[in-house]
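Quick notes on the structure that follows.
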2 protein chains.
Amino acid sequence: MNKRDLVKKLGVSLLLVGMVITAGCSQKDEVTSEKEKAVKIYKWKMVTTWPKNFPGLGTGANNVAELITKMSGGRITVKVYGAKELVPAFEVFDAVSRGTAEMGHGAAYYWKGKNEAIQFFSTVPFGLTAQEMNGWLYHGGGLKLWTEVYAQYNLVPAAAGNTGVQMGGWFNKEINSLADLKGLKMRIPGLGGEVFKRAGGTPVNLPGGELYTALQTGALDATEWVGPYNDLAFGFYKVAKYYYYPGWHEPGTTLEAIINKEAFDALPEDLQEIVLSACKIVNQDMLAEYTARNNAALNTLVNEHKVQLRAFPDDVLKELRKISDEVVAELAGKDETAKRIYTSFKKYREQVNDWHEISERAFMRARTLK
Amino acid sequence: MNKRDLVKKLGVSLLLVGMVITAGCSQKDEVTSEKEKAVKIYKWKMVTTWPKNFPGLGTGANNVAELITKMSGGRITVKVYGAKELVPAFEVFDAVSRGTAEMGHGAAYYWKGKNEAIQFFSTVPFGLTAQEMNGWLYHGGGLKLWTEVYAQYNLVPAAAGNTGVQMGGWFNKEINSLADLKGLKMRIPGLGGEVFKRAGGTPVNLPGGELYTALQTGALDATEWVGPYNDLAFGFYKVAKYYYYPGWHEPGTTLEAIINKEAFDALPEDLQEIVLSACKIVNQDMLAEYTARNNAALNTLVNEHKVQLRAFPDDVLKELRKISDEVVAELAGKDETAKRIYTSFKKYREQVNDWHEISERAFMRARTLK
């Protein structure tokens, strides 16, 4: 639908609404209330942790907003704000919680200060791939737990994007052993940051928009961000030499939409369904976009910008995995909520890993057999 | 939303509709026409290739229908029919094409008789995983081509489910070399069937509901179907001994929804968006369901029913891959459409394979390093 069509459609909807409001005053309370909800026009704001229109992440947030408007025939419009436009990136959670904006778009691990267990709902080191995260969230009890936890903050959560397996990050020296991580100041958020710390590094959490300058000025020695498509856009190749894989710390990061609970409850049921549906669609669509676009960007980085692609050595990966298992398991001891989330996650992960060994991984192996 | 809520909501909607129709007679033609579309209640039928309510596939079709009703606040209802209830499984395509039903749910490779290139839109041997299929369809030009091809049959296509990597199938003898496939009568549809034929087997195409009996009576020697979750439901373990992996022939089968083009064009734009959105949601949700449930079913098969799990030998996989590449490439020579689809698919596959070698596969390897 182009903008002109949308405006025309909105015009028709508003016309209908006007007539309906005029006509519908004599029904009993419950019906009247449902009717008022059904014909009301909702104007929402969405604050995000991303630079405005940032490829994949920011445009994914835009897509959530557009889908809501299209599916609702204009009964809800959602205006999207980039980081700092209305609130800074890391204040999105609180802003939506208190109702400054009705929606937000970000990632759960940014809010680990609220409750460390929240990080399970974005990604944990050596955790789940995107497909596996969706299995846990939608059919393994994950979303139910997430909803329960966020209700304490007056929020309704929804998975609303996934990057797939990320890259391991940008470095200016080669990583040949765990010792090479010691003393490095690296932007690496969430539990990956904690693992990095225990491996001897200094983790830093900065919003994406500040990373390039921090690398350039030496405030950071290294950074991870997402993957080739996004990393090319930020130009990290100009300030770092080596590009490492795989992203052990973020194997399938779920982005989140958060919705102010009162704003959500005030919607009629069809619009509630539409809002959550838009998030689900973008959850799939963003992953599809990264899947389709990462390789071309990687080729540009390697062939045009002469970035050196490197695999983490097996020994480094094994040691990071060992630390990761400890860090993730310790979360379970934080409180009763963390224990329940960890227990659900761990049981699911063991099962899905077994299954994917003989399905996804066995197939990917079969297609490359020499 | 439970049924009672839905009925209440529908009541409210109908009330509004009544008032609006009464009120809206004096606008100019275009607006009136849009208004009539907006307030009309659409009652659709969906015919499917699956047994009614069959886990995953049939319930996925049900979910498409329910989501459409919920998101539209009851402005469209879709009644789902299992195979044979309204038309036989393999007549779904024609039934929707001529408008006997407004929607259908099945898989594109069932219609290879129409145009062999259609099979690319379900799965091809040694082709794409589910995540990779979504990348091609939504961001690699695949859905655009699919839409163009199906328009010739008066249909609008949508991806509406994915099984993930399937299992290789049920056999009553071990497969140690390609010679062991010779003479086997096996249910294996689409291009996988053609590959199997060139490897010396006899492929048979039968709907799922007829497979158990065919195996039992000896009409079939072997069969593939989907994966543990579905195969357990059909009870194949009672009539076959060995369960092989990986499903080289179906690495990420996209299920499809098809919509009669006139019925689709008659909808207002918001309902068109809702119908396509419901398909996208189920496309993701069905994969999540299989991902979450296959392993438990596999454990039941192996531990309770003493099924013997077997990997195809590497040599067999390599030979099947060689034949597959030939079979898939030959499709490109059929006609101009097939050539365009193959060219798009092949270019995308090469790129995404490269990317997934250092992301998805490299991560899955890293987490199991001993």
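Here, A, B, ... name the chains of the structure tokens in the order displayed, residue numbers run from 1 inside each chain, and ligands are numbered from 1 in the same displayed order.
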Neighbour list for Pro157 in chain A as number ranges by chain, cut-off 7 Å, only C-alpha atoms, skip fewer than 3 positions in-chain
A: 146-147, 150, 256-259
Find the residues near Trp248 in chain A: any atom within 10 Å, counting only C-alpha atoms, skip ones fewer than 3 places away on the same chain, and give them as a PyMOL selection string.
(chain A and resi 124-127+165-168+192+245+251-252+312+317+320-321+324) or (chain B and resi 359+362-364+366-367)
Identify, on the basis of only C-alpha atoms, every residue whose closest approach to range 81-98 of chain A does not exceed 12 Å; exclude the query and any residue fewer than 4 positions from it along the same chain; express the result as an MDAnalysis selection string.
chainID A and resid 44:54 57:62 65 102:114 150:157 205:210 256:264
Tell me, as a list in words, which residues lie within 12 Å of Glu350 in chain B, counting only C-alpha atoms; anything in the same chain fewer than 5 positions away does not count.
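Those residues are Ala292, Asn295, Ala296, Arg367 and Thr368 of chain A; Phe126, Gly127, Leu128, Glu132, Trp136, Thr343, Ser344, Phe345, Trp355, His356 and Glu357 of chain B.
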Of the listed residues B:Leu215, B:Leu369, B:Val316, B:Ala159, that which approaches chain A most closely, counting only C-alpha atoms:
B:Leu369
